[in-house]
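Working notes for the structure below.
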Amino acid sequence: MSEPSKDEKISNEWLENASNQIIEHMNDDHSNSIVSALHAQHGIKDTYAKMEKLEVGGYYALSEGKLYFLTFEELCTSVKEYRMELVKYAKKYRKYELNSE
């Protein structure tokens, strides 16, 4: 596999710069959205799932020591677009929410 080009590195720099803040915010304030997406896309019911790593086409969620990729419909090119995808999936997967017991 080849190294990313200079343009690819620059184009994804926004994601590297925003990743920690997005991950912390989602895990602290919107963990139900992560849990719902994991349930919807992988059939896994884990109320303790956490967002772990971001990619332009989705993100990795950690559940019971395993990483699962949660796919977006669109590739994101900015923090605004990433937020829009997260909000879209929070609404789309609302019916997959789990009640924490």
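Each chain in the structure tokens gets a letter, A, B, ..., in the order shown, and its residues are numbered from 1; ligands are numbered from 1 in order too.
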
Exercise. Using DSSP on the backbone coordinates, identify the residues of chain A assigned to alpha helix (DSSP H); present them as an MDAnalysis selection string.
Key: chainID A and resid 6:11 13:29 31:42 79:92

Selection above as a file: C-alpha atoms, as a PDB file, in the first residue's frame:
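Once everything was written out, this is selection_38.pdb:
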```
ATOM      1  CA  LYS A   6       0.552  15.432  -0.042  1.00  0.00           C
ATOM      2  CA  ASP A   7      -2.958  16.466  -1.171  1.00  0.00           C
ATOM      3  CA  GLU A   8      -4.549  13.561   0.737  1.00  0.00           C
ATOM      4  CA  LYS A   9      -2.592  14.467   3.876  1.00  0.00           C
ATOM      5  CA  ILE A  10      -3.666  18.112   3.627  1.00  0.00           C
ATOM      6  CA  SER A  11      -7.271  17.237   2.821  1.00  0.00           C
ATOM      7  CA  GLU A  13      -5.696  17.427   8.236  1.00  0.00           C
ATOM      8  CA  TRP A  14      -9.040  18.874   9.423  1.00  0.00           C
ATOM      9  CA  LEU A  15      -9.995  15.415  10.702  1.00  0.00           C
ATOM     10  CA  GLU A  16      -6.726  14.879  12.548  1.00  0.00           C
ATOM     11  CA  ASN A  17      -7.090  18.294  14.178  1.00  0.00           C
ATOM     12  CA  ALA A  18     -10.725  17.752  15.230  1.00  0.00           C
ATOM     13  CA  SER A  19     -10.682  14.018  16.094  1.00  0.00           C
ATOM     14  CA  ASN A  20      -9.973  14.239  19.826  1.00  0.00           C
ATOM     15  CA  GLN A  21     -12.630  16.879  20.393  1.00  0.00           C
ATOM     16  CA  ILE A  22     -15.265  15.039  18.324  1.00  0.00           C
ATOM     17  CA  ILE A  23     -14.530  11.707  20.008  1.00  0.00           C
ATOM     18  CA  GLU A  24     -14.629  13.191  23.507  1.00  0.00           C
ATOM     19  CA  HIS A  25     -17.867  15.073  22.795  1.00  0.00           C
ATOM     20  CA  MET A  26     -19.585  12.040  21.260  1.00  0.00           C
ATOM     21  CA  ASN A  27     -18.513   9.668  24.028  1.00  0.00           C
ATOM     22  CA  ASP A  28     -19.470  12.124  26.784  1.00  0.00           C
ATOM     23  CA  ASP A  29     -22.705  13.576  25.391  1.00  0.00           C
ATOM     24  CA  SER A  31     -22.977   7.779  23.497  1.00  0.00           C
ATOM     25  CA  ASN A  32     -26.513   6.591  22.694  1.00  0.00           C
ATOM     26  CA  SER A  33     -25.893   7.509  19.031  1.00  0.00           C
ATOM     27  CA  ILE A  34     -22.745   5.376  18.939  1.00  0.00           C
ATOM     28  CA  VAL A  35     -24.581   2.463  20.588  1.00  0.00           C
ATOM     29  CA  SER A  36     -27.485   2.794  18.123  1.00  0.00           C
ATOM     30  CA  ALA A  37     -25.212   2.876  15.068  1.00  0.00           C
ATOM     31  CA  LEU A  38     -23.298  -0.184  16.275  1.00  0.00           C
ATOM     32  CA  HIS A  39     -26.574  -2.025  16.838  1.00  0.00           C
ATOM     33  CA  ALA A  40     -27.973  -0.979  13.427  1.00  0.00           C
ATOM     34  CA  GLN A  41     -24.880  -1.715  11.336  1.00  0.00           C
ATOM     35  CA  HIS A  42     -23.417  -4.737  13.141  1.00  0.00           C
ATOM     36  CA  VAL A  79     -15.923  19.190  10.511  1.00  0.00           C
ATOM     37  CA  LYS A  80     -19.298  20.596   9.451  1.00  0.00           C
ATOM     38  CA  GLU A  81     -19.910  17.686   7.069  1.00  0.00           C
ATOM     39  CA  TYR A  82     -18.799  15.195   9.747  1.00  0.00           C
ATOM     40  CA  ARG A  83     -21.257  16.692  12.203  1.00  0.00           C
ATOM     41  CA  MET A  84     -24.020  16.524   9.590  1.00  0.00           C
ATOM     42  CA  GLU A  85     -23.341  12.795   9.017  1.00  0.00           C
ATOM     43  CA  LEU A  86     -23.338  12.108  12.776  1.00  0.00           C
ATOM     44  CA  VAL A  87     -26.659  13.947  13.199  1.00  0.00           C
ATOM     45  CA  LYS A  88     -28.142  12.138  10.166  1.00  0.00           C
ATOM     46  CA  TYR A  89     -27.238   8.744  11.635  1.00  0.00           C
ATOM     47  CA  ALA A  90     -28.422   9.671  15.117  1.00  0.00           C
ATOM     48  CA  LYS A  91     -31.871  10.319  13.618  1.00  0.00           C
ATOM     49  CA  LYS A  92     -31.757   7.369  11.208  1.00  0.00           C
TER      50      LYS A  92
END
```

Quiz item: Which residues come within 9 Å of A:Asn12, counting only C-alpha atoms, excluding same-chain residues fewer than 6 positions away, as an MDAnalysis selection string?
Solution: chainID A and resid 55:56 77:78

So which bits of chain A end up strand (DSSP E or B) when you DSSP the backbone, as a short mmCIF file (atom, residue, chain, number, x, y, z; two decimals) with C-alpha atoms, in the first residue's frame?
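Output below, filename selection.cif:
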```cif
data_model
loop_
_atom_site.label_atom_id
_atom_site.label_comp_id
_atom_site.auth_asym_id
_atom_site.auth_seq_id
_atom_site.Cartn_x
_atom_site.Cartn_y
_atom_site.Cartn_z
CA LYS A 50 -17.29 4.06 22.59
CA MET A 51 -16.14 6.01 19.56
CA GLU A 52 -12.46 5.25 19.11
CA LYS A 53 -11.05 6.54 15.79
CA LEU A 54 -12.41 8.72 12.99
CA GLU A 55 -12.07 8.27 9.23
CA GLY A 58 -17.17 6.86 9.18
CA TYR A 59 -15.63 5.87 12.48
CA TYR A 60 -14.46 2.95 14.57
CA ALA A 61 -16.41 2.01 17.68
CA LEU A 62 -14.88 -0.09 20.44
CA SER A 63 -17.10 -2.81 21.90
CA LYS A 66 -13.07 -5.24 19.35
CA LEU A 67 -13.17 -2.40 16.82
CA TYR A 68 -16.10 -2.12 14.42
CA PHE A 69 -16.25 0.32 11.51
CA LEU A 70 -19.47 2.33 11.27
CA THR A 71 -19.92 3.56 7.72
#
```

Quiz item: So how many Å separate atom CA of A:Lys45 and atom CA of A:Glu74, to one decimal?
Solution: 24.8 Å

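If you look at atom CA of A:Ile44 and atom CA of A:Tyr96, they are 10.3 Å away from each other.
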